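Below is one structure, written out as structure tokens; the observations come after it.
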Amino acid sequence: MRATVLTSLIMSRFYYTLTVCPIPEKYKNEIKAIILKFLWQNNSHLVKYKTVVAAKIEGGLNIPEIHLRMQAFRLKFFSKFLDSNCQALWKSTMKYFINKIENMKIAENIAYACFNLNQIKILPKFYQEMIQAYYAIKSKVDFNIHVQHIYENPLFCNPVINVKGKALLYREFINSGIVKIKDICYEFIPGFLSKDSIIEIVQEKYPELRSWVIINAYGRILNAIPQLWKNELTAINQVNVDRFPCLTVGTNMTEFSKATTKNFL
């Protein structure tokens, strides 16, 4: 009975606040403690917390887990952020802050990147929670990569473009306007810009930077780009392709922008 009261009455009133407000870890733990006290009436816990939050079909009590529920709500917002059909005003604010991360100005293309906690501290707490929730399920996101998606991929802080498993980060390149793969590609013909072109671009911003340093960095970038992508870049640029990743849910594929909160639980 108490489990039903928690699920149907108490937690449902809490969900709106959870949807729109960031909650510090301290208070999430306090809420969890209050829930358990109410459930067990301050007595010894009869089952482990893992069982308390498990689905009834798995022998659990189906009590909502605060952190997972919050992640699901944040992911729903993040899916709207990626959805070009959603014209909400808050998206402009989020883009403004995301563009400040390492000064990369990648907006929605943050879906391809992976920043650490220090890098996303520049974001308001609510946006931090959205990004962290996305990173928590990113391994389940399958990108249907087409040529246009490859061009939009960031060169830096991108786990796919790495050297020995470590993503690249060259701030001199970023501050010179070289952020995405398309920034090192010719505009009208296939292929990558020459070393001399890259040197000219970077030294315009950093005239004191040695040419050999730029060449070495550019070489590492080119070597880090997956060979399959390099092959794709010789094809015609397919502009009219779906830009949304697909979320893998079991054996089903759900379009990320159309996923419901339940898909993220």
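Residue names in the structure tokens use chain letters A, B, ... in the order shown, residue numbers from 1 in each chain, and ligand numbers from 1 in the order shown.
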DSSP-assigned helix (DSSP H, G or I) members of segment 57-205 of chain A, reported as a PyMOL selection string: chain A and resi 57-58+66-82+90-98+101-103+107-111+117-120+125-140+147-152+171-175+181-184+195-205
Spatial neighbours of Ile101 of chain A, max dist 9 Å, only C-alpha atoms, sep filter under 6 positions, as a ChimeraX atom specification: /A:115,119-123
Output file for the residues above (C-alpha atoms, as a compact mmCIF listing (two decimals), in the first residue's frame):
# COMPACT_ATOMS: atom_id res chain seq x y z
CA PHE A 115 33.31 16.87 -22.85
CA GLN A 119 34.59 21.63 -19.61
CA ILE A 120 30.82 21.66 -19.10
CA LYS A 121 30.99 23.61 -15.84
CA ILE A 122 30.50 26.71 -17.96
CA LEU A 123 26.89 25.56 -18.51
For Glu172 of chain A: contacts at 12 Å, only C-alpha atoms, fewer than 5 positions along chain excluded, given as JSON, numbers by chain: {"A": [102, 103, 104, 156, 177, 178, 179, 198, 199, 201, 202, 203, 204, 205, 206, 207, 208, 209, 210, 213, 214, 217, 218]}
Residue nearest Ile98 of chain A - candidates A:Ile184, A:Ala113, A:Val20, A:Ile57, atoms counted: only C-alpha atoms: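 The answer is A:Ala113, which sits nearest to Ile98 of chain A.
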From A:Lys100, A:Ile63, A:Leu222, A:Val160, residue lying nearest Ile174 of chain A [only C-alpha atoms]: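 Smallest distance to Ile174 of chain A is found for A:Lys100.
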Interatomic distance, atom CA of Tyr15 of chain A to atom CA of Ala3 of chain A (Å, one decimal): 16.4 Å
Nearby residues (only C-alpha atoms) at most 12 Å from Gly60 of chain A, same-chain spacing under 6 positions excluded, as a PyMOL selection string: chain A and resi 3+46-54
With C-alpha atoms retained, could you export that selection as a PDB file, in the first residue's frame?
ATOM      1  CA  ALA A   3       4.526   1.658  -2.351  1.00  0.00           C
ATOM      2  CA  LEU A  46      13.320  -5.759   4.193  1.00  0.00           C
ATOM      3  CA  VAL A  47      14.877  -5.780   0.723  1.00  0.00           C
ATOM      4  CA  LYS A  48      17.787  -4.058  -0.997  1.00  0.00           C
ATOM      5  CA  TYR A  49      17.282  -0.681  -2.648  1.00  0.00           C
ATOM      6  CA  LYS A  50      17.915  -2.299  -6.029  1.00  0.00           C
ATOM      7  CA  THR A  51      14.810  -4.419  -5.468  1.00  0.00           C
ATOM      8  CA  VAL A  52      12.796  -1.429  -4.253  1.00  0.00           C
ATOM      9  CA  VAL A  53      13.249   0.400  -7.568  1.00  0.00           C
ATOM     10  CA  ALA A  54      13.049  -2.692  -9.795  1.00  0.00           C
TER      11      ALA A  54
END
Near-Cys185 of chain A list (12 Å; only C-alpha atoms; drop same-chain fewer than 5 positions) as a VMD selection string: chain A and resid 150 to 152 155 178 to 180 190 to 195 197 to 198 222 230 233 to 234 237
If we count only C-alpha atoms, what is near segment 31-43 of chain A at a cut-off of 10 Å, once residues fewer than 2 positions away on the same chain are taken out, given as a PDB file with N, CA and C atoms, in the first residue's frame?
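Output below, filename result.pdb:
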ATOM      1  N   MET A   1       0.828  -1.207   0.000  1.00  0.00           N
ATOM      2  CA  MET A   1       0.000   0.000   0.000  1.00  0.00           C
ATOM      3  C   MET A   1       0.868   1.266   0.000  1.00  0.00           C
ATOM      4  N   ARG A   2       1.891   1.291   0.867  1.00  0.00           N
ATOM      5  CA  ARG A   2       2.766   2.463   0.927  1.00  0.00           C
ATOM      6  C   ARG A   2       3.514   2.658  -0.391  1.00  0.00           C
ATOM      7  N   ALA A   3       3.855   1.559  -1.050  1.00  0.00           N
ATOM      8  CA  ALA A   3       4.526   1.658  -2.351  1.00  0.00           C
ATOM      9  C   ALA A   3       3.614   2.324  -3.370  1.00  0.00           C
ATOM     10  N   THR A   4       2.324   2.004  -3.321  1.00  0.00           N
ATOM     11  CA  THR A   4       1.352   2.605  -4.240  1.00  0.00           C
ATOM     12  C   THR A   4       1.191   4.091  -3.956  1.00  0.00           C
ATOM     13  N   VAL A   5       1.150   4.437  -2.672  1.00  0.00           N
ATOM     14  CA  VAL A   5       1.031   5.848  -2.283  1.00  0.00           C
ATOM     15  C   VAL A   5       2.241   6.633  -2.787  1.00  0.00           C
ATOM     16  N   LEU A   6       3.425   6.055  -2.626  1.00  0.00           N
ATOM     17  CA  LEU A   6       4.644   6.720  -3.092  1.00  0.00           C
ATOM     18  C   LEU A   6       4.614   6.945  -4.600  1.00  0.00           C
ATOM     19  N   ILE A  10       2.661  10.707  -4.022  1.00  0.00           N
ATOM     20  CA  ILE A  10       3.767  11.553  -3.576  1.00  0.00           C
ATOM     21  C   ILE A  10       4.727  11.878  -4.715  1.00  0.00           C
ATOM     22  N   MET A  11       5.227  10.858  -5.416  1.00  0.00           N
ATOM     23  CA  MET A  11       6.228  11.086  -6.452  1.00  0.00           C
ATOM     24  C   MET A  11       5.661  11.844  -7.647  1.00  0.00           C
ATOM     25  N   GLU A  25      22.998  16.988  -5.558  1.00  0.00           N
ATOM     26  CA  GLU A  25      23.134  15.604  -5.100  1.00  0.00           C
ATOM     27  C   GLU A  25      22.699  15.450  -3.646  1.00  0.00           C
ATOM     28  N   LYS A  26      23.005  16.456  -2.841  1.00  0.00           N
ATOM     29  CA  LYS A  26      22.656  16.416  -1.417  1.00  0.00           C
ATOM     30  C   LYS A  26      21.159  16.202  -1.229  1.00  0.00           C
ATOM     31  N   TYR A  27      20.353  16.930  -2.007  1.00  0.00           N
ATOM     32  CA  TYR A  27      18.903  16.850  -1.833  1.00  0.00           C
ATOM     33  C   TYR A  27      18.323  15.587  -2.468  1.00  0.00           C
ATOM     34  N   LYS A  28      18.975  15.104  -3.513  1.00  0.00           N
ATOM     35  CA  LYS A  28      18.530  13.825  -4.083  1.00  0.00           C
ATOM     36  C   LYS A  28      18.689  12.712  -3.050  1.00  0.00           C
ATOM     37  N   ASN A  29      19.788  12.753  -2.319  1.00  0.00           N
ATOM     38  CA  ASN A  29      20.021  11.745  -1.280  1.00  0.00           C
ATOM     39  C   ASN A  29      19.023  11.890  -0.135  1.00  0.00           C
ATOM     40  N   HIS A  45      15.183  -2.229   6.610  1.00  0.00           N
ATOM     41  CA  HIS A  45      14.803  -2.438   5.217  1.00  0.00           C
ATOM     42  C   HIS A  45      14.693  -3.934   4.935  1.00  0.00           C
ATOM     43  N   LEU A  46      13.556  -4.333   4.414  1.00  0.00           N
ATOM     44  CA  LEU A  46      13.320  -5.759   4.193  1.00  0.00           C
ATOM     45  C   LEU A  46      14.000  -6.278   2.928  1.00  0.00           C
ATOM     46  N   VAL A  47      14.196  -5.386   1.962  1.00  0.00           N
ATOM     47  CA  VAL A  47      14.877  -5.780   0.723  1.00  0.00           C
ATOM     48  C   VAL A  47      15.875  -4.691   0.341  1.00  0.00           C
ATOM     49  N   TYR A  49      17.810  -1.820  -1.888  1.00  0.00           N
ATOM     50  CA  TYR A  49      17.282  -0.681  -2.648  1.00  0.00           C
ATOM     51  C   TYR A  49      17.115  -1.036  -4.121  1.00  0.00           C
ATOM     52  N   VAL A  52      13.837  -2.441  -4.469  1.00  0.00           N
ATOM     53  CA  VAL A  52      12.796  -1.429  -4.253  1.00  0.00           C
ATOM     54  C   VAL A  52      12.456  -0.715  -5.558  1.00  0.00           C
ATOM     55  N   ILE A  63       9.273   1.404  -7.221  1.00  0.00           N
ATOM     56  CA  ILE A  63       9.383   2.763  -6.688  1.00  0.00           C
ATOM     57  C   ILE A  63      10.330   3.549  -7.599  1.00  0.00           C
ATOM     58  N   PRO A  64       9.944   4.720  -8.072  1.00  0.00           N
ATOM     59  CA  PRO A  64      10.802   5.485  -8.989  1.00  0.00           C
ATOM     60  C   PRO A  64      12.159   5.821  -8.371  1.00  0.00           C
ATOM     61  N   GLU A  65      13.211   5.642  -9.146  1.00  0.00           N
ATOM     62  CA  GLU A  65      14.555   6.015  -8.720  1.00  0.00           C
ATOM     63  C   GLU A  65      14.789   7.458  -9.150  1.00  0.00           C
ATOM     64  N   ILE A  66      15.046   8.332  -8.183  1.00  0.00           N
ATOM     65  CA  ILE A  66      15.102   9.772  -8.434  1.00  0.00           C
ATOM     66  C   ILE A  66      16.092  10.125  -9.542  1.00  0.00           C
ATOM     67  N   HIS A  67      17.294   9.601  -9.445  1.00  0.00           N
ATOM     68  CA  HIS A  67      18.334   9.977 -10.405  1.00  0.00           C
ATOM     69  C   HIS A  67      17.975   9.522 -11.819  1.00  0.00           C
TER      70      HIS A  67
END
Separation of atom CA of Asn99 of chain A from atom CA of Tyr16 of chain A in Å: 28.2 Å
Best match for closeness to Met94 of chain A among A:Met130, A:Arg69, A:Tyr135, A:Lys76, counting only C-alpha atoms: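 Going through A:Met130, A:Arg69, A:Tyr135, A:Lys76 one by one, the smallest distance to Met94 of chain A is for A:Met130.
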Counting only C-alpha atoms, the residue of A:Ile221, A:Ile189, A:Ile23, A:Leu82 that sits nearest Gln128 of chain A: A:Ile23
Near-Ala107 of chain A list (8 Å; only C-alpha atoms; drop same-chain fewer than 2 positions) as a list in words: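 My reading of the contact set: Lys95, Tyr96, Ile98, Asn99, Lys105, Asn109 and Ile110 of chain A.
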Interatomic distance, atom CA of Thr7 of chain A to atom CA of Lys56 of chain A (Å, one decimal):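 Taking atom CA of Thr7 of chain A and atom CA of Lys56 of chain A, their separation equals 12.4 Å.
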